[in-house]
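Undergrad: I'd like to ask some things about the structure below.
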2 protein chains.
Amino acid sequence: MNDLVSSTDLASEADEPKTLAEAAYRQLRRDIIEGVHRPGEKLRVEHLKDQYEVGAGTLREALQLLVTDALVVAQGQRGFRVAPISLDDFADITRTRVLLETSALQQSIELGDDTWEANVVAAFHMLSRAEDKLIEGAKGTREEWELRNRAFHEVLISACPSRWIRHFQNILYHQSERYRRLSLFRQPIPRDVHAEHQAIVDAALARNSAEATRILSEHILRTLDAVRQLPADFIN
Amino acid sequence: MNDLVSSTDLASEADEPKTLAEAAYRQLRRDIIEGVHRPGEKLRVEHLKDQYEVGAGTLREALQLLVTDALVVAQGQRGFRVAPISLDDFADITRTRVLLETSALQQSIELGDDTWEANVVAAFHMLSRAEDKLIEGAKGTREEWELRNRAFHEVLISACPSRWIRHFQNILYHQSERYRRLSLFRQPIPRDVHAEHQAIVDAALARNSAEATRILSEHILRTLDAVRQLPADFIN
DNA sequence: ATAATCAAAAATCTCGAGAAAAACTGTTGA
DNA sequence: TCAACAGTTTTTCTCGAGATTTTTGATTAT
């Protein structure tokens, strides 16, 4: 059992950045997901190149990479801006995630070996611990919970052999994370999330793929309701 | 009935290029799909900038855009190369396409209005005409058939409201086109492709989504077999 | 007061040169 | 004969300045 997350993404992700452009790309992505740069905000190269301490051309490259993730939109000859958000978009993201992630889970359950099972159990354990700390109200634990939540979902579908599904799923996860940050801010994690995760693990290890995908669907769709109950001016 | 193909893609596609980088991007994409640049081939910026008549930085941007479509892979600090191809990859692409396209078709059949029906019929007619010309053996008609085949598949799912599914489907279509070019070269279009398209149209207009998705699945998966029967050294 | 027009300002896009890294080649030693 | 090493060459990556385009602000006429 070496590394839990073996992110074999199409655009290599796990390693450390080997170029300035990629370093800037990661910082920018993080800032956009965390809301430092607001949805719809214009991203002026001249300003940002100082802030991220790279040349203009390099920052342009970083922005171009973010277009790949659809976190930034490029408008012809009118520069870049942060991708806008909307309820419709989030609903679309969520439903598409369900489609991809259930299919991936189904294949994972079908093909996963002992190591996969062990990884699932381990990731679930890590996540549970993070939830305990979160309930205690310790500081800075939300970040850790986010990381482990993501790791858990990634490990669940890690035995799915389709690199394309995992690639798309990865993009959508980044997208939905942006929305989830908004909803989590107001509404702390409800207690039954843990029970849902537990149920998914149980069904997965029992190789009951119908049950597992059903629970996973409801689990993902629940975040949609959470965002829907936000005050309307959050998403405009 | 204005324009048949209203490509409302995430990365705007239909319009004409408004920047040199985008123009170079399109030419490069076309050349890669058509096999001018072979799979795995190294793409040296110094050579290509002369060939496509743009500056080095501009060409780099175009290459970065192609990474989005996964037609080009960027390797840390060792430049770019054309994405390699393999049978496994094509199988993955095809299966993922089935997953996305059947889901999209299902929603299209559920939500499509009269205009959608009309567009489907029209696109099918255009495609049929192209097939006639293809059988006659006129020159340069393969290009036209490709375009209309693509338009047909696009129109079929055009009533699907999910921009994300259409976005991913678009990427995968570009990918599979590269493989299909190889197989079509040897094996001209079999006659029953037309019958399959006809069956899809009939089922779609009859709002029989189970039947339509079933035929569409088989239709897409058939290209997989076609490539599988190629001599092995085509894909290495 | 509103709308249209035109000029100034800001931002984007593009390019070529310099610095850093990787690949290649010929040589040396076992 | 093969492997390792060092210098050379090639290629990539980065940066800042110039050319175009878009946006802003003020002026004028209706």
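Convention: chains lettered A, B, ... in structure tokens order; per-chain residue numbering from 1; ligands numbered from 1 as shown.
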So which bits of segment 78-183 of chain B end up alpha helix (DSSP H) when you DSSP the backbone, as JSON, numbers by chain?
TA: {"B": [87, 88, 89, 90, 91, 92, 93, 94, 95, 96, 97, 98, 99, 100, 101, 102, 103, 104, 105, 106, 107, 108, 109, 110, 111, 114, 115, 116, 117, 118, 119, 120, 121, 122, 123, 124, 125, 126, 127, 128, 129, 130, 131, 132, 133, 134, 135, 136, 141, 142, 143, 144, 145, 146, 147, 148, 149, 150, 151, 152, 153, 154, 155, 156, 163, 164, 165, 166, 167, 168, 169, 170, 171, 172, 173, 174, 175, 176, 177, 178, 179, 180, 181, 182, 183]}
Undergrad: Show which residues sit within 12 Å of segment 110-118 of chain A, as a PyMOL selection string. Count only C-alpha atoms (C1' of nucleotides), and ignore same-chain residues fewer than 4 positions away.
TA: chain A and resi 1-6+103-106+122-125+152+154-162+201-210+212
Undergrad: Just C-alpha atoms for this one: save the residues we selected as a PDB file, in the first residue's frame.
TA:
ATOM      1  CA  MET A   1       0.000   0.000   0.000  1.00  0.00           C
ATOM      2  CA  ASN A   2       2.144   2.840  -1.228  1.00  0.00           C
ATOM      3  CA  ASP A   3       0.329   5.989  -2.271  1.00  0.00           C
ATOM      4  CA  LEU A   4      -3.370   6.357  -1.828  1.00  0.00           C
ATOM      5  CA  VAL A   5      -3.958   8.745  -4.666  1.00  0.00           C
ATOM      6  CA  SER A   6      -2.242   7.621  -7.840  1.00  0.00           C
ATOM      7  CA  SER A 103     -20.602   4.429 -14.494  1.00  0.00           C
ATOM      8  CA  ALA A 104     -17.079   4.567 -13.155  1.00  0.00           C
ATOM      9  CA  LEU A 105     -18.125   3.128  -9.799  1.00  0.00           C
ATOM     10  CA  GLN A 106     -19.948   0.300 -11.491  1.00  0.00           C
ATOM     11  CA  ALA A 122      -8.333   3.372   4.120  1.00  0.00           C
ATOM     12  CA  ALA A 123      -9.674   6.471   2.375  1.00  0.00           C
ATOM     13  CA  PHE A 124     -12.954   6.128   4.208  1.00  0.00           C
ATOM     14  CA  HIS A 125     -11.113   5.912   7.488  1.00  0.00           C
ATOM     15  CA  PHE A 152     -12.277   9.141  -1.097  1.00  0.00           C
ATOM     16  CA  GLU A 154     -11.228   9.303  -6.374  1.00  0.00           C
ATOM     17  CA  VAL A 155     -10.269   6.004  -4.780  1.00  0.00           C
ATOM     18  CA  LEU A 156     -13.802   4.704  -5.160  1.00  0.00           C
ATOM     19  CA  ILE A 157     -13.553   4.901  -8.927  1.00  0.00           C
ATOM     20  CA  SER A 158      -9.832   4.223  -9.139  1.00  0.00           C
ATOM     21  CA  ALA A 159     -10.384   0.692 -10.429  1.00  0.00           C
ATOM     22  CA  CYS A 160     -12.302   2.012 -13.408  1.00  0.00           C
ATOM     23  CA  PRO A 161     -10.011   1.458 -16.390  1.00  0.00           C
ATOM     24  CA  SER A 162     -11.360   4.354 -18.432  1.00  0.00           C
ATOM     25  CA  VAL A 201     -18.437   1.632   1.189  1.00  0.00           C
ATOM     26  CA  ASP A 202     -20.581  -1.231   2.445  1.00  0.00           C
ATOM     27  CA  ALA A 203     -22.338  -1.677  -0.873  1.00  0.00           C
ATOM     28  CA  ALA A 204     -19.094  -1.396  -2.813  1.00  0.00           C
ATOM     29  CA  LEU A 205     -17.290  -4.011  -0.752  1.00  0.00           C
ATOM     30  CA  ALA A 206     -20.349  -6.278  -1.017  1.00  0.00           C
ATOM     31  CA  ARG A 207     -20.019  -5.845  -4.785  1.00  0.00           C
ATOM     32  CA  ASN A 208     -23.577  -4.629  -4.907  1.00  0.00           C
ATOM     33  CA  SER A 209     -23.157  -2.168  -7.713  1.00  0.00           C
ATOM     34  CA  ALA A 210     -26.850  -1.312  -8.155  1.00  0.00           C
ATOM     35  CA  ALA A 212     -23.789   1.509  -4.483  1.00  0.00           C
TER      36      ALA A 212
END
Undergrad: Counting only C-alpha atoms (C1' of nucleotides), which residues in chain B sit no more than 10 Å from chain D? For each one, give the nearest pair of atoms and the distance in Å, sorted by chain then residue number, as CSV.
TA:
residue,atom,partner,partner_atom,distance
B:Arg44,CA,D:DT11,C1',7.6
B:Val45,CA,D:DT11,C1',8.3
B:Glu46,CA,D:DT11,C1',7.9
B:Gly57,CA,D:DC13,C1',9.9
B:Gln77,CA,D:DT12,C1',6.9
B:Arg78,CA,D:DT12,C1',6.9
B:Gly79,CA,D:DT12,C1',6.3
B:Phe80,CA,D:DT12,C1',9.7
Undergrad: Using only C-alpha atoms, select each residue of chain B with any atom at most 6 Å away from an atom of chain A, and give the selection as a list in words.
TA: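 For chain B, the answer reads Lys18, Thr68, Gly76, Asp92 and Ser162 of chain B.
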Undergrad: Store the residues of this selection in a file with N, CA, C and O atoms, as a PDB file, in the first residue's frame.
TA:
ATOM      1  N   LYS B  18     -10.446  34.805 -34.329  1.00  0.00           N
ATOM      2  CA  LYS B  18     -10.268  36.223 -34.133  1.00  0.00           C
ATOM      3  C   LYS B  18      -8.848  36.573 -33.692  1.00  0.00           C
ATOM      4  O   LYS B  18      -8.527  37.719 -33.440  1.00  0.00           O
ATOM      5  N   THR B  68      -5.830  21.033 -24.537  1.00  0.00           N
ATOM      6  CA  THR B  68      -7.214  20.993 -24.068  1.00  0.00           C
ATOM      7  C   THR B  68      -7.979  19.853 -24.725  1.00  0.00           C
ATOM      8  O   THR B  68      -8.715  19.123 -24.071  1.00  0.00           O
ATOM      9  N   GLY B  76       6.301  18.168 -19.343  1.00  0.00           N
ATOM     10  CA  GLY B  76       7.143  18.968 -18.453  1.00  0.00           C
ATOM     11  C   GLY B  76       7.988  19.978 -19.192  1.00  0.00           C
ATOM     12  O   GLY B  76       7.468  20.955 -19.699  1.00  0.00           O
ATOM     13  N   ASP B  92     -11.502   2.943 -25.243  1.00  0.00           N
ATOM     14  CA  ASP B  92     -11.944   3.799 -24.147  1.00  0.00           C
ATOM     15  C   ASP B  92     -12.765   4.968 -24.676  1.00  0.00           C
ATOM     16  O   ASP B  92     -13.861   5.269 -24.179  1.00  0.00           O
ATOM     17  N   SER B 162     -27.756  19.718 -21.642  1.00  0.00           N
ATOM     18  CA  SER B 162     -26.507  19.707 -20.879  1.00  0.00           C
ATOM     19  C   SER B 162     -25.332  20.188 -21.730  1.00  0.00           C
ATOM     20  O   SER B 162     -24.871  19.496 -22.633  1.00  0.00           O
TER      21      SER B 162
END
Undergrad: Measure the distance from atom CA of Gln107 of chain A to atom CA of Arg166 of chain A in Å and round it to one decimal.
TA: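 Atom CA of Arg166 of chain A lies at a distance of 11.7 Å from atom CA of Gln107 of chain A.
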Undergrad: Mind listing the strand (DSSP E or B) residues of segment 17-169 of chain A, per DSSP on the backbone, as a PyMOL selection string?
TA: chain A and resi 42-43+72-74+80-82
Undergrad: Measure the distance from atom CA of Gly140 of chain A to atom CA of Phe90 of chain A in Å and round it to one decimal.
TA: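 Taking atom CA of Gly140 of chain A and atom CA of Phe90 of chain A, their separation equals 26.1 Å.
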Undergrad: Quick one: residues within 10 Å of Gly40 of chain B, only C-alpha atoms (C1' of nucleotides), excluding same-chain residues fewer than 6 positions away - as a list in words?
TA: Val72, Val73, Phe80, Arg81, Val82, Ala83, Pro84, Ile85 and Asn236 of chain B
Undergrad: Write a file of the just-selected residues containing N, CA, C and O atoms, as a CSV table (one decimal), in the first residue's frame.
TA:
chain,number,residue,atom,x,y,z
B,72,VAL,N,-2.7,16.9,-28.3
B,72,VAL,CA,-1.3,17.1,-28.0
B,72,VAL,C,-1.0,16.9,-26.6
B,72,VAL,O,-1.8,17.3,-25.7
B,73,VAL,N,0.1,16.3,-26.3
B,73,VAL,CA,0.5,16.2,-24.9
B,73,VAL,C,1.8,17.0,-24.6
B,73,VAL,O,2.7,17.1,-25.4
B,80,PHE,N,6.4,19.5,-26.7
B,80,PHE,CA,5.1,18.9,-27.1
B,80,PHE,C,5.3,17.8,-28.1
B,80,PHE,O,6.2,17.8,-28.8
B,81,ARG,N,4.3,16.9,-28.0
B,81,ARG,CA,4.2,15.9,-29.1
B,81,ARG,C,2.8,15.5,-29.4
B,81,ARG,O,1.9,15.7,-28.5
B,82,VAL,N,2.5,15.0,-30.6
B,82,VAL,CA,1.2,14.6,-30.9
B,82,VAL,C,0.8,13.5,-30.0
B,82,VAL,O,1.6,12.6,-29.7
B,83,ALA,N,-0.5,13.5,-29.5
B,83,ALA,CA,-0.9,12.5,-28.6
B,83,ALA,C,-0.8,11.1,-29.3
B,83,ALA,O,-1.2,11.0,-30.4
B,84,PRO,N,-0.2,10.1,-28.6
B,84,PRO,CA,-0.1,8.8,-29.2
B,84,PRO,C,-1.5,8.1,-29.3
B,84,PRO,O,-2.4,8.5,-28.6
B,85,ILE,N,-1.5,7.1,-30.2
B,85,ILE,CA,-2.8,6.4,-30.3
B,85,ILE,C,-2.6,4.9,-29.9
B,85,ILE,O,-1.4,4.4,-30.0
B,236,ASN,N,0.7,1.8,-33.5
B,236,ASN,CA,1.8,1.3,-32.8
B,236,ASN,C,2.4,2.3,-31.8
B,236,ASN,O,2.1,3.5,-31.9
Undergrad: Within 10 Å of chain A, which residues of chain C show up? Give each one with its shortest atom-to-atom distance in Å (one decimal) and the two atoms involved, counting only C-alpha atoms (C1' of nucleotides), rows by chain then rising residue number, as JSON lines.
TA:
{"residue": "C:DA11", "atom": "C1'", "partner": "A:Arg44", "partner_atom": "CA", "distance": 7.6}
{"residue": "C:DT12", "atom": "C1'", "partner": "A:Gly79", "partner_atom": "CA", "distance": 6.3}
{"residue": "C:DC13", "atom": "C1'", "partner": "A:Gln77", "partner_atom": "CA", "distance": 7.7}
Undergrad: Which distance in Å separates atom CA of Leu20 of chain B and atom CA of Leu71 of chain B, to one decimal?
TA: 19.3 Å
Undergrad: With a distance cut-off of 12 Å and only C-alpha atoms (C1' of nucleotides), select the neighbouring residues of Glu144 of chain A, excluding the residue or stretch itself and same-chain residues fewer than 5 positions from it, and output the selection as a JSON list (two decimals) with N, CA, C and O atoms, in the first residue's frame.
TA:
[["chain", "number", "residue", "atom", "x", "y", "z"],
["A", 126, "MET", "N", -9.71, 7.71, 6.69],
["A", 126, "MET", "CA", -9.12, 9.05, 6.73],
["A", 126, "MET", "C", -10.21, 10.11, 6.73],
["A", 126, "MET", "O", -10.15, 11.10, 7.46],
["A", 127, "LEU", "N", -11.21, 9.90, 5.90],
["A", 127, "LEU", "CA", -12.30, 10.86, 5.80],
["A", 127, "LEU", "C", -13.08, 10.94, 7.10],
["A", 127, "LEU", "O", -13.44, 12.03, 7.57],
["A", 128, "SER", "N", -13.32, 9.78, 7.70],
["A", 128, "SER", "CA", -14.08, 9.75, 8.95],
["A", 128, "SER", "C", -13.35, 10.53, 10.05],
["A", 128, "SER", "O", -13.96, 11.30, 10.80],
["A", 129, "ARG", "N", -12.05, 10.31, 10.10],
["A", 129, "ARG", "CA", -11.25, 11.04, 11.10],
["A", 129, "ARG", "C", -11.36, 12.55, 10.89],
["A", 129, "ARG", "O", -11.48, 13.32, 11.84],
["A", 130, "ALA", "N", -11.31, 12.93, 9.64],
["A", 130, "ALA", "CA", -11.41, 14.36, 9.33],
["A", 130, "ALA", "C", -12.76, 14.91, 9.75],
["A", 130, "ALA", "O", -12.87, 16.04, 10.23],
["A", 131, "GLU", "N", -13.79, 14.09, 9.57],
["A", 131, "GLU", "CA", -15.13, 14.53, 9.98],
["A", 131, "GLU", "C", -15.22, 14.70, 11.49],
["A", 131, "GLU", "O", -15.84, 15.64, 11.98],
["A", 132, "ASP", "N", -14.57, 13.80, 12.23],
["A", 132, "ASP", "CA", -14.54, 13.92, 13.69],
["A", 132, "ASP", "C", -13.95, 15.27, 14.09],
["A", 132, "ASP", "O", -14.53, 16.01, 14.89],
["A", 133, "LYS", "N", -12.81, 15.57, 13.49],
["A", 133, "LYS", "CA", -12.14, 16.83, 13.82],
["A", 133, "LYS", "C", -13.01, 18.03, 13.44],
["A", 133, "LYS", "O", -13.05, 19.04, 14.14],
["A", 134, "LEU", "N", -13.72, 17.87, 12.34],
["A", 134, "LEU", "CA", -14.56, 18.96, 11.87],
["A", 134, "LEU", "C", -15.68, 19.26, 12.86],
["A", 134, "LEU", "O", -16.01, 20.42, 13.15],
["A", 138, "ALA", "N", -12.26, 22.15, 15.28],
["A", 138, "ALA", "CA", -10.87, 22.61, 15.20],
["A", 138, "ALA", "C", -10.68, 23.50, 13.97],
["A", 138, "ALA", "O", -11.44, 23.43, 13.02],
["A", 139, "LYS", "N", -9.66, 24.29, 14.01],
["A", 139, "LYS", "CA", -9.48, 25.29, 12.97],
["A", 139, "LYS", "C", -8.70, 24.72, 11.78],
["A", 139, "LYS", "O", -7.80, 23.89, 11.95],
["A", 149, "ASN", "N", -12.11, 14.13, 1.29],
["A", 149, "ASN", "CA", -13.36, 13.82, 0.60],
["A", 149, "ASN", "C", -13.08, 13.54, -0.87],
["A", 149, "ASN", "O", -13.58, 12.58, -1.45],
["A", 150, "ARG", "N", -12.24, 14.40, -1.44],
["A", 150, "ARG", "CA", -11.89, 14.20, -2.83],
["A", 150, "ARG", "C", -11.13, 12.90, -3.03],
["A", 150, "ARG", "O", -11.39, 12.15, -3.96],
["A", 151, "ALA", "N", -10.20, 12.62, -2.13],
["A", 151, "ALA", "CA", -9.43, 11.38, -2.22],
["A", 151, "ALA", "C", -10.35, 10.17, -2.14],
["A", 151, "ALA", "O", -10.20, 9.21, -2.90]]
